[in-house]
Amino acid sequence: MSKLALRALRSCGIFSLTRTISARMARILMYHNFSGSQGTDPDALNVEGLRRQFEYLRQHFHVVPLLQLAEQVASGRELDTNLVALTIDDGRRSCYEYLFPLLVEFKFPATFFVLSSFVRGEDWIWTDKVVWLSEQSTPPAELVPGKLDALFKSLNRMRPEERNARIQAMARSIGVSIPASAPAKFEPCSWSELREMADSGLMEIGSHTVSHPILSSITDEESWKELTLSKSQIEEEIGRNVRCFCYPNGMAEDYRPSQVQQVERAGYDCSVIAQFGMVSRNSDRYRLPRIGVARKSTTLEFSKYLDGFAYYQQKLGAGAG
Ligand SMILES: [Zn+2]
């Protein structure tokens, strides 16, 4: 749908209508990476875009902690109106640098899902290595624009060791070697930055596994270790209980039902997926859907999703566009 058509629909009041009829459904927003003023990387929302989103949220919604929303879902009662929870995946330092000051300013709570091996400095995120390779002056042939999605799909299905070998081979094919630690825009937060955010009372620290494996590509024994070891490593460093979990990649084919049960058995109170959707009283608190907002830097794009218009559009079979 064109911007012009969307603008016309909004001025007719369609967005405020869908916001009203979907008021008892909660929204969980999914962020990954941020950039400073005037940042132009499409995958890192810059602070101006973020501020516009936050102003819209302050005007029309109640931003609450993810755990509070999960508790309402668990109670089975009707949800409070216009609830939004903010979530950020992976553990990159840009969250501390750019998002956290805005959380403080707006007094918005959020949940940050971190990879424990990444924060420990043992490795950086394999998906970022692929993006880094695609940004080299002569990227590997399979990483040119248009092919990236297909490559991610095939890498997601591989076992971790096979995938790492494939990424190393791509680097060799263009004569570069993958840096041992993450370049600046992919750097992790330190434990003390995570503690500072947790101590502010605004940031809940959750687990996103130890090493970002796609759970369906590993055994149940391995996923149990990812769930329990990441939890204990984070708890030891931040001195707080880790109660929320986030599935790597988080689409339906990325985890098995047995692993959803493991999340509960490992002691988590809720978990989020990456599939698009809104949360109702009938949702499963161990499979809470989210709305990805990285590339939605204008208020028009953001409100299309936040106000529920995109949700109903998808329900009616028109696609979320
Ligand atoms: Zn992730």
# chains A, B, ... in the order shown; residues from 1 in each chain; ligands from 1

call {"tool": "residues_near_ligand", "arguments": {"ligand": "ligand 1", "cutoff": "6 Å", "atoms": "only C-alpha atoms and all ligand atoms", "output": "mmCIF file with C-alpha atoms, in the first residue's frame"}}
result
data_model
loop_
_atom_site.group_PDB
_atom_site.id
_atom_site.type_symbol
_atom_site.label_atom_id
_atom_site.label_comp_id
_atom_site.auth_asym_id
_atom_site.auth_seq_id
_atom_site.Cartn_x
_atom_site.Cartn_y
_atom_site.Cartn_z
ATOM 1 C CA ASP A 89 17.425 -8.761 21.255
ATOM 2 C CA ASP A 90 21.030 -9.943 21.371
ATOM 3 C CA PRO A 248 16.926 -17.206 18.522
ATOM 4 C CA ASN A 249 15.366 -16.210 15.182
#

call {"tool": "residues_around", "arguments": {"residues": "A:Ser216", "least_positions_apart": "6", "cutoff": "8 Å", "atoms": "only C-alpha atoms", "output": "mmCIF file with N, CA and C atoms, in the first residue's frame"}}
result
data_model
loop_
_atom_site.group_PDB
_atom_site.id
_atom_site.type_symbol
_atom_site.label_atom_id
_atom_site.label_comp_id
_atom_site.auth_asym_id
_atom_site.auth_seq_id
_atom_site.Cartn_x
_atom_site.Cartn_y
_atom_site.Cartn_z
ATOM 1 N N ARG A 157 19.270 -23.475 9.209
ATOM 2 C CA ARG A 157 18.967 -24.909 9.286
ATOM 3 C C ARG A 157 20.190 -25.746 9.645
ATOM 4 N N GLU A 253 9.378 -22.467 12.771
ATOM 5 C CA GLU A 253 10.234 -23.620 12.457
ATOM 6 C C GLU A 253 11.548 -23.598 13.242
ATOM 7 N N ASP A 254 11.742 -22.583 14.098
ATOM 8 C CA ASP A 254 13.034 -22.428 14.788
ATOM 9 C C ASP A 254 13.103 -23.068 16.178
ATOM 10 N N TYR A 255 12.002 -23.716 16.609
ATOM 11 C CA TYR A 255 12.027 -24.416 17.903
ATOM 12 C C TYR A 255 10.985 -25.521 17.865
ATOM 13 N N ARG A 256 11.183 -26.523 18.744
ATOM 14 C CA ARG A 256 10.234 -27.641 18.815
ATOM 15 C C ARG A 256 9.366 -27.496 20.071
#

call {"tool": "closest_atom_pairs", "arguments": {"of": "stretch 18-71 of chain A", "to": "stretch 112-133 of chain A", "cutoff": "12 Å", "atoms": "only C-alpha atoms", "output": "CSV"}}
result
residue,atom,partner,partner_atom,distance
A:Leu29,CA,A:Phe112,CA,11.6
A:Met30,CA,A:Phe112,CA,10.0
A:Tyr31,CA,A:Phe112,CA,9.3
A:His32,CA,A:Phe112,CA,9.6
A:Asn33,CA,A:Asp128,CA,10.8
A:Asp41,CA,A:Val131,CA,11.8
A:Asp43,CA,A:Val131,CA,10.2
A:Pro65,CA,A:Phe112,CA,11.0
A:Leu66,CA,A:Phe112,CA,10.2

call {"tool": "residues_around", "arguments": {"residues": "A:Ser297", "least_positions_apart": "2", "cutoff": "8 Å", "atoms": "only C-alpha atoms", "output": "list in words"}}
result
Leu45, Gly49, Leu50, Arg52, Gln53, Ala294, Arg295, Thr299, Glu301 and Phe302 of chain A

call {"tool": "atom_distance", "arguments": {"atom1": "atom CA of A:Ser11", "atom2": "atom CA of A:Arg27"}}
result
22.7 Å

call {"tool": "select_by_dssp", "arguments": {"residues": "stretch 88-297 of chain A", "states": "strand (DSSP E or B)", "output": "VMD selection string"}}
result
chain A and resid 88 to 90 92 110 to 114 188 203 to 207 244 to 246 270 to 276 279 288 to 292

call {"tool": "select_by_dssp", "arguments": {"residues": "stretch 127-263 of chain A", "states": "alpha helix (DSSP H)", "output": "PyMOL selection string"}}
result
chain A and resi 127-134+148-157+160-173+191-199+220-238+257-263

call {"tool": "atom_distance", "arguments": {"atom1": "atom CA of A:Thr209", "atom2": "atom CA of A:Met25"}}
result
28.0 Å

call {"tool": "closest_residue", "arguments": {"among": "A:Gln136, A:Ser200, A:Arg243, A:Arg92", "to": "A:Ser177", "atoms": "only C-alpha atoms"}}
result
A:Gln136

call {"tool": "residues_around", "arguments": {"residues": "stretch 95-108 of chain A", "least_positions_apart": "4", "cutoff": "10 Å", "atoms": "only C-alpha atoms", "output": "PyMOL selection string"}}
result
chain A and resi 31-37+45-47+50-51+54-55+57-58+62-65+85-86+88-91+112+188-190+193-194+196-197+200-203
